[in-house]
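Source file: target22.txt (compact mmCIF, C-alpha atoms and all ligand atoms)
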# COMPACT_ATOMS: atom_id res chain seq x y z
CA MET A 1 21.49 13.43 -8.49
CA LEU A 2 20.15 11.58 -11.52
CA THR A 3 20.02 12.38 -15.22
CA ALA A 4 16.61 13.20 -16.62
CA ALA A 5 16.64 9.88 -18.49
CA ARG A 6 17.37 7.86 -15.32
CA ASN A 7 14.63 9.79 -13.48
CA GLU A 8 12.19 8.84 -16.24
CA MET A 9 13.17 5.21 -15.81
CA LEU A 10 12.42 5.30 -12.08
CA THR A 11 9.11 7.05 -12.40
CA ARG A 12 7.28 5.88 -15.57
CA VAL A 13 5.00 2.97 -14.86
CA GLY A 14 2.84 2.43 -17.96
CA PRO A 15 2.85 -0.84 -19.92
CA GLY A 16 6.13 -1.35 -21.75
CA THR A 17 8.20 1.02 -19.60
CA PRO A 18 11.11 -0.58 -17.69
CA MET A 19 9.64 0.26 -14.26
CA GLY A 20 6.12 -0.60 -15.40
CA GLU A 21 7.35 -4.03 -16.46
CA LEU A 22 9.22 -4.55 -13.19
CA LEU A 23 6.32 -3.54 -10.93
CA ARG A 24 4.00 -5.81 -12.89
CA ARG A 25 5.98 -8.78 -11.48
CA TYR A 26 4.54 -8.17 -7.98
CA TRP A 27 1.09 -8.36 -6.43
CA GLN A 28 -0.17 -4.87 -5.64
CA PRO A 29 -2.77 -3.99 -2.96
CA ILE A 30 -5.57 -2.09 -4.66
CA ALA A 31 -8.55 -2.01 -2.27
CA GLY A 32 -10.07 -3.25 0.94
CA ALA A 33 -12.45 -6.19 0.46
CA SER A 34 -14.96 -4.38 2.70
CA GLU A 35 -15.16 -1.56 0.16
CA LEU A 36 -17.16 -3.85 -2.08
CA ASP A 37 -19.80 -4.60 0.58
CA ALA A 38 -21.95 -1.56 -0.19
CA ASN A 39 -21.27 -1.54 -3.93
CA PRO A 40 -19.62 -4.59 -5.51
CA ILE A 41 -17.99 -2.55 -8.28
CA LYS A 42 -15.06 -0.15 -7.91
CA THR A 43 -13.10 1.68 -10.59
CA VAL A 44 -9.37 1.17 -10.34
CA ARG A 45 -6.55 2.88 -12.17
CA LEU A 46 -3.36 0.95 -11.71
CA LEU A 47 0.02 1.34 -13.45
CA GLY A 48 -1.63 3.56 -16.02
CA GLU A 49 -4.40 1.05 -16.86
CA ASP A 50 -8.10 1.77 -16.37
CA LEU A 51 -9.83 -1.20 -14.81
CA VAL A 52 -12.93 -2.27 -12.93
CA LEU A 53 -12.75 -4.34 -9.77
CA TYR A 54 -15.84 -6.32 -8.82
CA ARG A 55 -17.13 -9.17 -6.68
CA ASP A 56 -19.74 -11.30 -8.41
CA LEU A 57 -22.71 -12.93 -6.69
CA ARG A 58 -20.71 -16.12 -6.10
CA GLY A 59 -18.10 -14.07 -4.26
CA ARG A 60 -15.43 -14.23 -6.98
CA TYR A 61 -13.29 -11.19 -7.58
CA GLY A 62 -12.57 -9.87 -11.05
CA LEU A 63 -10.38 -7.05 -12.33
CA VAL A 64 -11.20 -6.35 -15.96
CA ASP A 65 -10.78 -3.64 -18.56
CA ARG A 66 -12.89 -0.65 -17.63
CA HIS A 67 -14.05 -0.48 -21.24
CA CYS A 68 -16.46 -3.10 -22.53
CA PRO A 69 -15.07 -5.34 -25.28
CA HIS A 70 -18.14 -4.57 -27.42
CA ARG A 71 -18.04 -0.80 -28.04
CA ARG A 72 -16.05 0.35 -25.03
CA ALA A 73 -18.78 1.55 -22.66
CA ASP A 74 -17.78 1.99 -19.00
CA MET A 75 -18.17 -1.36 -17.22
CA SER A 76 -18.33 0.37 -13.83
CA TYR A 77 -21.89 1.39 -14.76
CA GLY A 78 -22.83 -2.24 -15.28
CA TRP A 79 -23.84 -4.76 -12.65
CA VAL A 80 -22.58 -8.03 -11.24
CA GLU A 81 -24.39 -11.32 -11.71
CA GLU A 82 -23.96 -14.91 -10.55
CA GLU A 83 -20.89 -15.11 -12.77
CA GLY A 84 -19.13 -11.96 -13.88
CA ILE A 85 -20.04 -8.39 -14.67
CA ARG A 86 -22.54 -7.20 -17.29
CA CYS A 87 -22.29 -4.05 -19.38
CA SER A 88 -25.34 -1.80 -19.14
CA TYR A 89 -25.11 -0.67 -22.80
CA HIS A 90 -26.03 -3.86 -24.69
CA GLY A 91 -25.74 -6.46 -21.97
CA TRP A 92 -22.50 -8.24 -22.76
CA LEU A 93 -21.33 -10.39 -19.83
CA VAL A 94 -17.66 -11.10 -19.01
CA ASN A 95 -16.14 -13.10 -16.18
CA GLU A 96 -13.00 -12.84 -14.05
CA THR A 97 -10.87 -14.64 -16.64
CA GLY A 98 -11.90 -12.04 -19.23
CA ARG A 99 -14.07 -14.49 -21.16
CA CYS A 100 -17.10 -13.04 -22.87
CA LEU A 101 -19.93 -15.31 -21.75
CA GLU A 102 -22.96 -13.62 -23.27
CA GLN A 103 -23.80 -11.25 -26.12
CA PRO A 104 -27.58 -11.14 -25.73
CA TYR A 105 -28.58 -9.96 -29.21
CA GLU A 106 -26.20 -12.33 -31.03
CA ASP A 107 -27.17 -15.20 -28.75
CA THR A 108 -30.84 -14.59 -29.62
CA ALA A 109 -30.85 -13.63 -33.28
CA ASN A 110 -27.68 -15.02 -34.79
CA PRO A 111 -28.09 -18.66 -35.90
CA LYS A 112 -24.38 -19.30 -35.28
CA PRO A 113 -23.28 -16.94 -32.51
CA SER A 114 -19.54 -16.92 -31.90
CA LYS A 115 -17.68 -14.98 -29.26
CA ALA A 116 -14.24 -15.66 -30.67
CA GLY A 117 -11.90 -12.71 -30.21
CA CYS A 118 -14.31 -10.88 -27.92
CA ASP A 119 -12.53 -11.59 -24.63
CA THR A 120 -11.53 -8.66 -22.47
CA LYS A 121 -8.40 -7.87 -20.47
CA ALA A 122 -8.54 -9.47 -17.01
CA TYR A 123 -6.09 -9.79 -14.12
CA PRO A 124 -6.07 -12.12 -11.11
CA VAL A 125 -7.17 -10.81 -7.71
CA LYS A 126 -6.53 -12.35 -4.28
CA GLU A 127 -7.86 -11.46 -0.86
CA CYS A 128 -5.63 -11.53 2.21
CA ALA A 129 -6.08 -9.95 5.65
CA GLY A 130 -8.93 -7.81 4.33
CA LEU A 131 -6.87 -6.46 1.42
CA LEU A 132 -7.39 -7.17 -2.26
CA PHE A 133 -4.22 -7.66 -4.29
CA ALA A 134 -3.94 -7.62 -8.08
CA TYR A 135 -1.28 -9.01 -10.37
CA LEU A 136 -0.76 -7.41 -13.79
CA GLY A 137 2.29 -9.31 -14.98
CA PRO A 138 3.00 -12.31 -17.18
CA LEU A 139 1.47 -15.62 -16.13
CA PRO A 140 1.84 -17.82 -14.21
CA ALA A 141 1.41 -15.34 -11.38
CA PRO A 142 3.82 -15.77 -8.47
CA GLU A 143 2.55 -16.58 -4.99
CA LEU A 144 1.02 -13.77 -2.98
CA PRO A 145 3.42 -13.18 -0.08
CA VAL A 146 1.56 -13.57 3.20
CA TRP A 147 3.53 -11.34 5.54
CA GLU A 148 3.51 -12.67 9.08
CA PRO A 149 1.37 -9.82 10.49
CA PHE A 150 -1.45 -10.93 8.17
CA THR A 151 -1.62 -14.17 10.19
CA TRP A 152 -1.82 -12.50 13.60
CA THR A 153 -5.01 -12.99 15.58
CA ASN A 154 -6.77 -11.08 18.37
CA GLY A 155 -6.18 -7.73 16.78
CA PHE A 156 -8.15 -4.81 15.43
CA ARG A 157 -7.23 -4.18 11.81
CA GLU A 158 -8.15 -1.31 9.55
CA ILE A 159 -7.26 -0.25 6.03
CA VAL A 160 -6.78 3.40 5.12
CA LEU A 161 -6.56 4.69 1.57
CA ALA A 162 -5.45 8.11 0.34
CA ASP A 163 -5.23 9.51 -3.18
CA ILE A 164 -1.88 11.21 -3.60
CA PRO A 165 -1.36 13.50 -6.60
CA CYS A 166 2.31 12.68 -7.26
CA ASN A 167 4.55 9.93 -8.55
CA TRP A 168 4.91 6.78 -6.42
CA PHE A 169 8.71 6.71 -6.30
CA GLN A 170 9.12 9.84 -4.19
CA CYS A 171 6.64 8.30 -1.73
CA GLN A 172 8.66 5.10 -1.61
CA GLU A 173 11.92 6.99 -1.07
CA ASN A 174 10.31 8.16 2.19
CA SER A 175 10.34 4.49 3.33
CA ILE A 176 14.13 4.55 3.60
CA ASP A 177 14.60 7.98 5.12
CA PRO A 178 15.15 7.80 8.90
CA VAL A 179 16.27 11.41 9.40
CA HIS A 180 12.93 12.87 8.31
CA PHE A 181 11.33 11.54 11.52
CA GLU A 182 13.38 13.99 13.58
CA TRP A 183 12.36 16.96 11.44
CA MET A 184 9.06 16.22 9.77
CA HIS A 185 7.32 14.40 12.63
CA ASP A 186 9.11 15.55 15.77
CA ASN A 187 10.30 19.12 15.24
CA TRP A 188 7.59 20.16 12.78
CA GLY A 189 5.00 18.23 14.80
CA SER A 190 5.99 20.25 17.85
CA ARG A 191 5.99 23.55 15.89
CA LEU A 192 2.48 22.81 14.68
CA GLN A 193 1.48 22.68 18.32
CA GLY A 194 3.09 25.97 19.21
CA GLY A 195 6.64 24.80 20.00
CA THR A 196 9.40 27.35 19.43
CA ALA A 197 12.59 25.27 19.41
CA ASN A 198 14.04 22.26 17.57
CA THR A 199 14.24 19.95 20.54
CA ALA A 200 13.89 16.52 18.91
CA PRO A 201 16.72 14.10 19.72
CA LYS A 202 19.25 14.32 16.88
CA HIS A 203 20.17 11.38 14.68
CA LEU A 204 23.73 10.40 15.54
CA LYS A 205 24.14 7.64 12.99
CA VAL A 206 22.15 5.71 10.41
CA LYS A 207 22.80 2.44 8.62
CA PHE A 208 21.11 0.69 5.69
CA GLU A 209 21.15 -3.04 4.95
CA GLU A 210 19.64 -5.10 2.19
CA PHE A 211 17.79 -8.37 2.78
CA GLU A 212 15.60 -10.73 0.75
CA HIS A 213 12.49 -8.55 0.89
CA GLY A 214 13.91 -5.07 0.80
CA PHE A 215 16.03 -2.88 3.01
CA VAL A 216 16.33 -2.28 6.72
CA TYR A 217 17.30 1.07 8.09
CA LYS A 218 18.72 1.53 11.54
CA ARG A 219 19.42 4.58 13.59
CA VAL A 220 20.83 5.84 16.85
CA ARG A 221 19.45 9.09 18.14
CA GLU A 222 20.48 11.15 21.15
CA GLY A 223 19.45 9.26 24.26
CA GLN A 224 19.59 5.87 22.47
CA SER A 225 22.41 3.35 22.11
CA GLU A 226 23.36 0.51 19.79
CA GLN A 227 21.44 -1.78 22.16
CA ASP A 228 18.20 -0.08 21.23
CA ARG A 229 15.83 -2.00 18.90
CA TYR A 230 15.94 0.92 16.47
CA TRP A 231 19.55 -0.15 15.89
CA THR A 232 19.42 -3.91 16.57
CA VAL A 233 16.25 -4.55 14.51
CA GLY A 234 15.32 -1.43 12.53
CA ARG A 235 12.53 -0.77 10.10
CA VAL A 236 11.79 -2.21 6.69
CA ALA A 237 11.53 -0.55 3.28
CA LEU A 238 9.61 -3.45 1.81
CA TRP A 239 10.49 -4.36 -1.75
CA PRO A 240 9.34 -3.02 -4.14
CA ASN A 241 6.91 -0.33 -2.95
CA GLY A 242 6.05 -0.93 0.69
CA PHE A 243 7.03 0.21 4.16
CA TYR A 244 6.70 -1.94 7.27
CA LEU A 245 6.92 -0.48 10.77
CA GLY A 246 6.12 -3.40 13.07
CA SER A 247 2.39 -2.88 13.53
CA HIS A 248 1.45 -1.48 10.16
CA PHE A 249 2.26 -1.57 6.48
CA GLU A 250 2.10 1.20 3.92
CA TRP A 251 2.22 0.71 0.18
CA ARG A 252 2.72 3.39 -2.45
CA VAL A 253 0.73 1.92 -5.32
CA PRO A 254 1.29 3.63 -8.68
CA VAL A 255 -1.97 4.78 -10.23
CA ASP A 256 -0.10 6.30 -13.16
CA ASP A 257 3.02 8.44 -13.59
CA GLU A 258 1.57 11.34 -11.60
CA ASN A 259 -0.73 9.70 -9.05
CA THR A 260 -0.35 7.21 -6.24
CA LEU A 261 -2.78 5.28 -4.11
CA SER A 262 -1.53 5.10 -0.55
CA VAL A 263 -2.72 1.85 1.01
CA ALA A 264 -2.07 1.37 4.71
CA TRP A 265 -2.93 -1.70 6.81
CA PHE A 266 -2.94 -1.37 10.59
CA PHE A 267 -2.94 -3.97 13.36
CA MET A 268 -3.56 -3.30 17.02
CA ARG A 269 -3.49 -6.30 19.33
CA VAL A 270 -6.23 -6.26 21.98
CA PRO A 271 -4.93 -5.98 25.56
CA LYS A 272 -4.26 -9.17 27.49
CA GLY A 273 -7.53 -10.46 28.90
CA ARG A 274 -9.64 -9.18 25.96
CA GLU A 275 -9.02 -12.36 23.95
CA PRO A 276 -10.52 -14.05 22.10
CA TYR A 277 -11.28 -11.15 19.81
CA THR A 278 -12.54 -11.87 16.32
CA GLN A 279 -12.99 -9.11 13.81
CA GLU A 280 -15.80 -9.90 11.39
CA ARG A 281 -14.74 -7.44 8.71
CA VAL A 282 -11.69 -5.25 8.28
CA PRO A 283 -13.00 -1.70 7.81
CA THR A 284 -11.63 0.38 4.93
CA TRP A 285 -11.80 4.17 4.84
CA VAL A 286 -10.42 6.98 2.73
CA SER A 287 -8.39 9.69 4.42
CA PRO A 288 -8.77 13.23 3.03
CA ILE A 289 -5.46 15.02 2.45
CA LYS A 290 -6.60 18.64 1.88
CA ASP A 291 -8.49 21.02 4.16
CA GLU A 292 -11.28 23.41 3.05
CA SER A 293 -8.78 26.13 2.24
CA GLY A 294 -6.95 23.84 -0.18
CA ARG A 295 -3.87 23.37 2.03
CA TRP A 296 -2.54 19.89 2.76
CA ILE A 297 -3.63 18.49 6.11
CA SER A 298 -0.63 18.30 8.46
CA SER A 299 -2.07 17.14 11.76
CA HIS A 300 -1.39 13.40 11.37
CA VAL A 301 1.81 11.45 10.81
CA ILE A 302 1.20 10.08 7.32
CA ASN A 303 -0.45 13.35 6.28
CA GLN A 304 2.84 15.03 7.17
CA ASP A 305 4.67 12.55 4.95
CA ILE A 306 2.20 13.32 2.18
CA VAL A 307 3.06 17.01 2.46
CA ALA A 308 6.66 16.07 1.70
CA TRP A 309 5.74 13.77 -1.22
CA VAL A 310 3.43 16.16 -3.05
CA GLY A 311 5.74 19.07 -2.23
CA GLN A 312 8.41 17.47 -4.44
CA GLY A 313 6.16 18.07 -7.46
CA ARG A 314 4.07 15.71 -9.56
CA ILE A 315 7.30 13.94 -10.52
CA ALA A 316 10.30 14.96 -8.40
CA ASP A 317 13.09 16.47 -10.51
CA ARG A 318 16.06 14.42 -9.37
CA THR A 319 18.44 16.32 -11.65
CA LYS A 320 18.31 19.16 -9.12
CA GLU A 321 18.79 17.37 -5.81
CA HIS A 322 21.87 17.14 -3.59
CA LEU A 323 22.19 13.75 -1.95
CA ARG A 324 24.27 13.49 1.22
CA SER A 325 25.21 10.70 3.60
CA SER A 326 21.72 10.69 5.12
CA ASP A 327 20.54 9.54 1.68
CA ILE A 328 22.71 6.46 1.28
CA GLY A 329 19.62 4.27 1.59
CA ILE A 330 17.91 6.19 -1.20
CA THR A 331 20.86 5.57 -3.51
CA MET A 332 20.95 1.87 -2.56
CA MET A 333 17.29 1.53 -3.35
CA ARG A 334 17.49 3.38 -6.68
CA ASN A 335 20.47 1.23 -7.74
CA ARG A 336 18.59 -1.93 -6.87
CA PHE A 337 15.64 -0.77 -8.98
CA PHE A 338 17.96 -0.08 -11.95
CA GLN A 339 19.48 -3.56 -11.58
CA GLU A 340 16.10 -5.27 -11.36
CA MET A 341 14.73 -3.33 -14.34
CA GLU A 342 17.73 -4.62 -16.30
CA ALA A 343 17.08 -8.16 -15.07
CA VAL A 344 13.48 -8.04 -16.30
CA ALA A 345 14.59 -6.59 -19.64
CA ALA A 346 17.01 -9.53 -19.94
CA GLY A 347 14.14 -11.97 -19.38
CA LYS A 348 15.09 -12.85 -15.81
CA GLU A 349 12.90 -13.10 -12.74
CA PRO A 350 13.45 -10.03 -10.53
CA ALA A 351 14.31 -10.09 -6.82
CA GLY A 352 11.69 -10.80 -4.20
CA VAL A 353 9.25 -12.74 -6.40
CA VAL A 354 8.01 -15.71 -4.36
CA ARG A 355 7.32 -18.91 -6.30
CA SER A 356 7.09 -21.44 -3.45
CA ALA A 357 3.64 -21.74 -1.89
CA ASN A 358 5.25 -23.01 1.31
CA ALA A 359 7.56 -20.05 1.57
CA ALA A 360 4.77 -17.60 0.77
CA ALA A 361 2.39 -18.93 3.45
CA CYS A 362 3.98 -16.89 6.25
CA ILE A 363 6.94 -14.59 5.70
CA ALA A 364 8.53 -13.08 8.79
CA LEU A 365 10.01 -9.60 8.60
CA PRO A 366 12.35 -7.76 10.97
CA ASN A 367 9.98 -6.45 13.60
CA MET A 368 10.60 -4.31 16.64
CA ALA A 369 7.11 -4.93 18.05
CA ARG A 370 6.60 -8.66 17.56
CA GLU A 371 5.78 -9.72 21.15
CA LEU A 372 3.46 -6.78 21.61
CA ASN A 373 1.47 -7.96 18.61
CA THR A 374 1.59 -11.72 19.07
CA GLU A 375 1.31 -11.99 22.85
CA GLY A 376 -0.20 -8.70 23.89
CA ILE A 377 0.28 -6.71 27.06
CA PRO A 378 -2.13 -5.71 29.86
CA LEU A 379 -4.09 -2.53 29.24
CA ALA A 380 -2.30 -0.83 32.15
CA ASP A 381 1.04 -1.25 30.35
CA TYR A 382 -0.10 0.73 27.32
CA ASP A 383 0.11 3.77 29.55
CA LYS A 384 3.85 3.27 30.08
CA ASP A 385 4.67 3.60 26.37
CA PRO A 386 4.12 7.08 24.91
CA ILE A 387 3.35 5.77 21.41
CA LEU A 388 0.88 3.12 22.59
CA ARG A 389 -0.75 5.51 25.00
CA GLN A 390 -1.29 7.94 22.17
CA ARG A 391 -2.57 5.18 19.87
CA LEU A 392 -5.31 4.31 22.37
CA LYS A 393 -6.31 7.94 22.67
CA GLU A 394 -6.60 8.68 18.97
CA PHE A 395 -5.67 7.38 15.54
CA ARG A 396 -2.65 9.54 14.81
CA HIS A 397 -1.49 8.07 11.49
CA HIS A 398 -4.13 9.42 9.13
CA TYR A 399 -6.60 12.28 9.36
CA GLY A 400 -10.31 11.53 9.31
CA GLN A 401 -10.93 8.18 10.97
CA PRO A 402 -14.71 7.64 10.79
CA ALA A 403 -16.58 7.58 14.11
CA GLN A 404 -17.85 4.02 13.57
CA VAL A 405 -14.29 2.71 13.10
CA ARG A 406 -13.21 4.48 16.28
CA ARG A 407 -16.19 2.97 18.12
CA ALA A 408 -15.31 -0.55 16.97
CA PHE A 409 -11.69 0.03 18.00
CA VAL A 410 -12.69 1.29 21.47
CA GLU A 411 -14.92 -1.72 21.94
CA ALA A 412 -12.20 -4.15 20.83
CA MET A 413 -9.65 -2.61 23.18
CA GLY A 414 -12.10 -2.42 26.10
CA ILE A 415 -11.30 1.23 26.83
S1 LIG A 501 -20.69 -1.49 -25.19
FE1 LIG A 501 -20.93 -2.95 -23.67
S2 LIG A 501 -22.45 -4.25 -24.42
FE2 LIG A 501 -22.21 -2.79 -25.98
FE FE A 502 7.23 9.84 7.93

Output the structure of this file as structure tokens.
Amino acid sequence: MLTAARNEMLTRVGPGTPMGELLRRYWQPIAGASELDANPIKTVRLLGEDLVLYRDLRGRYGLVDRHCPHRRADMSYGWVEEEGIRCSYHGWLVNETGRCLEQPYEDTANPKPSKAGCDTKAYPVKECAGLLFAYLGPLPAPELPVWEPFTWTNGFREIVLADIPCNWFQCQENSIDPVHFEWMHDNWGSRLQGGTANTAPKHLKVKFEEFEHGFVYKRVREGQSEQDRYWTVGRVALWPNGFYLGSHFEWRVPVDDENTLSVAWFFMRVPKGREPYTQERVPTWVSPIKDESGRWISSHVINQDIVAWVGQGRIADRTKEHLRSSDIGITMMRNRFFQEMEAVAAGKEPAGVVRSANAAACIALPNMARELNTEGIPLADYDKDPILRQRLKEFRHHYGQPAQVRRAFVEAMGI
């Protein structure tokens, strides 16, 4: 249980709030690069700031104030040029550093045009593994951590976005919550398909450990032992707002205090013998979370998680909860956030910020599925593993995979 004031600290993300300042120290995934292929401009709301993401005709990314520095028109209705983005109201042009390059009327009619003081807000953007990351904190920006899976080859990758109408922190608490798998995915999953009993193997013990880039949770369920990789390796609640499960990442990116962008990046190694496989473009798609009747979609794994997140309210009221031993990881994570918010307030660099380019170039994480993803297995062996078998049959993480993404996946896998 938390006081209302501590809950505010964990959940408010706007500029100047303790959590807002902390999260601004890390690169945040905000889009798939392929999203900008059809239209090079995308509106972005991130940490309570309204912005416009664009790719100019030279291929440079910019993330600038959504409102034009002139008289605040919406830059997302402008267009991109060789350098920068131009406002459609009076034609002012700004580039990715926020510099105002042109003010057409002044440049024509004013004998001494000056653009002093007319720069706009702009943040750095980097592309990696098909994702676009933004950094909203003080400069110099740290290195963008290149997680090892981003360097893997011979795999089919896809990016799935979902707009979640609740605060990011309750989504991230789900990243360090092993017991929910038994209930939310196994028992409820089976009920949704007509099951009548709670038959999922019970959790017998759970353990939480901290490491340089977050937390690892481990578990033993009925039918497993301490020799199982779920106990020897575990899964990663990636600091500060990610989740890593061996073949995919999920990030809970704060849009503002009451909205979150779920960004998930998936990797599926092609079967042995299908190499070399090169993916030209990493597809990005948006997963709907509500059905026509207005109920949350519950057929897919992450959709089920979303039902839990939004069910806790726009901002979960942590003054009314009852934490037990299954929630030790949640408490560890909250405490770490409080400590790091204090560190930032004291002018210190918070945990997990990577400053060495060498270190950032490839960061390994605890991974239960490393060989599967780096070496691959024959197609016939996918059949022996219930999760892999299912994965070949259908995309079970998010509802609504577009047919053309499925087709490209089928072709890559050779199925
Ligand atoms: S408001 Fe954008 S150019 Fe005038
Ligand atoms: Fe889950």

Report the centre and edge lengths, in Å to one decimal, of an axis-aligned box enclosing every atom of region 281-295 of chain A listed in the file, padded by 4 Å on each side, as JSON.
{"center_x": -9.3, "center_y": 9.3, "center_z": 4.3, "size_x": 18.9, "size_y": 41.6, "size_z": 16.9}

Any residue with an atom at most 12 Å from ligand FE 502 (chain A) counts, using all atoms listed in the file. Which are they? Put them as a CSV table (one decimal) with C-alpha atoms, keeping the file's coordinate frame.
chain,number,residue,atom,x,y,z
A,171,CYS,CA,6.6,8.3,-1.7
A,172,GLN,CA,8.7,5.1,-1.6
A,173,GLU,CA,11.9,7.0,-1.1
A,174,ASN,CA,10.3,8.2,2.2
A,175,SER,CA,10.3,4.5,3.3
A,176,ILE,CA,14.1,4.6,3.6
A,177,ASP,CA,14.6,8.0,5.1
A,178,PRO,CA,15.2,7.8,8.9
A,179,VAL,CA,16.3,11.4,9.4
A,180,HIS,CA,12.9,12.9,8.3
A,181,PHE,CA,11.3,11.5,11.5
A,182,GLU,CA,13.4,14.0,13.6
A,183,TRP,CA,12.4,17.0,11.4
A,184,MET,CA,9.1,16.2,9.8
A,185,HIS,CA,7.3,14.4,12.6
A,186,ASP,CA,9.1,15.6,15.8
A,188,TRP,CA,7.6,20.2,12.8
A,189,GLY,CA,5.0,18.2,14.8
A,243,PHE,CA,7.0,0.2,4.2
A,244,TYR,CA,6.7,-1.9,7.3
A,245,LEU,CA,6.9,-0.5,10.8
A,250,GLU,CA,2.1,1.2,3.9
A,298,SER,CA,-0.6,18.3,8.5
A,300,HIS,CA,-1.4,13.4,11.4
A,301,VAL,CA,1.8,11.4,10.8
A,302,ILE,CA,1.2,10.1,7.3
A,303,ASN,CA,-0.4,13.4,6.3
A,304,GLN,CA,2.8,15.0,7.2
A,305,ASP,CA,4.7,12.6,5.0
A,306,ILE,CA,2.2,13.3,2.2
A,307,VAL,CA,3.1,17.0,2.5
A,308,ALA,CA,6.7,16.1,1.7
A,309,TRP,CA,5.7,13.8,-1.2
A,397,HIS,CA,-1.5,8.1,11.5
A,398,HIS,CA,-4.1,9.4,9.1

Which protein, DNA or RNA residues have an atom within 10 Å of ligand LIG 501 (chain A), counting only C-alpha atoms and all ligand atoms, as a CSV table (one decimal) with C-alpha atoms, in the frame of the given file?
chain,number,residue,atom,x,y,z
A,67,HIS,CA,-14.0,-0.5,-21.2
A,68,CYS,CA,-16.5,-3.1,-22.5
A,69,PRO,CA,-15.1,-5.3,-25.3
A,70,HIS,CA,-18.1,-4.6,-27.4
A,71,ARG,CA,-18.0,-0.8,-28.0
A,72,ARG,CA,-16.0,0.4,-25.0
A,73,ALA,CA,-18.8,1.6,-22.7
A,74,ASP,CA,-17.8,2.0,-19.0
A,75,MET,CA,-18.2,-1.4,-17.2
A,77,TYR,CA,-21.9,1.4,-14.8
A,78,GLY,CA,-22.8,-2.2,-15.3
A,86,ARG,CA,-22.5,-7.2,-17.3
A,87,CYS,CA,-22.3,-4.0,-19.4
A,88,SER,CA,-25.3,-1.8,-19.1
A,89,TYR,CA,-25.1,-0.7,-22.8
A,90,HIS,CA,-26.0,-3.9,-24.7
A,91,GLY,CA,-25.7,-6.5,-22.0
A,92,TRP,CA,-22.5,-8.2,-22.8
A,93,LEU,CA,-21.3,-10.4,-19.8
A,94,VAL,CA,-17.7,-11.1,-19.0
A,102,GLU,CA,-23.0,-13.6,-23.3
A,103,GLN,CA,-23.8,-11.2,-26.1
A,104,PRO,CA,-27.6,-11.1,-25.7
A,105,TYR,CA,-28.6,-10.0,-29.2

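In this structure, CA of Phe338 (chain A) sits 11.0 Å away from CA of Pro350 (chain A).
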
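Minimum atom-to-atom distances from A:Glu340, A:Gln227, A:Val255, A:Trp152 to Glu371 (chain A) were compared using only C-alpha atoms, and the lowest value belongs to A:Trp152.
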
Let me make sure I understand: among A:His213, A:Arg334, A:Lys393, A:Lys42, which one has the smallest atom-to-atom distance to Val353 (chain A) if we use all atoms listed in the file?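 With all atoms listed in the file as the atom set, the closest residue is A:His213.
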
Kindly give the distance, in Å, that separates CA of Ile30 (chain A) and CA of Ser262 (chain A), rounded to a single decimal.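 Atom-to-atom, CA of Ile30 (chain A) and CA of Ser262 (chain A) are spaced 9.2 Å apart.
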
Saved region 307-319 of chain A from the preceding structure, C-alpha atoms, as a PDB file, in the first residue's frame:
ATOM      1  CA  VAL A 307      -7.616  -5.991 -19.455  1.00  0.00           C
ATOM      2  CA  ALA A 308      -5.793  -6.095 -16.116  1.00  0.00           C
ATOM      3  CA  TRP A 309      -4.046  -2.740 -16.648  1.00  0.00           C
ATOM      4  CA  VAL A 310      -7.087  -0.725 -17.674  1.00  0.00           C
ATOM      5  CA  GLY A 311      -9.210  -2.546 -15.092  1.00  0.00           C
ATOM      6  CA  GLN A 312      -7.112  -0.928 -12.347  1.00  0.00           C
ATOM      7  CA  GLY A 313      -8.505   2.466 -13.386  1.00  0.00           C
ATOM      8  CA  ARG A 314      -6.950   5.376 -15.252  1.00  0.00           C
ATOM      9  CA  ILE A 315      -4.449   5.672 -12.395  1.00  0.00           C
ATOM     10  CA  ALA A 316      -4.473   2.704 -10.012  1.00  0.00           C
ATOM     11  CA  ASP A 317      -5.324   3.734  -6.448  1.00  0.00           C
ATOM     12  CA  ARG A 318      -2.469   2.157  -4.528  1.00  0.00           C
ATOM     13  CA  THR A 319      -3.817   3.401  -1.195  1.00  0.00           C
TER      14      THR A 319
END
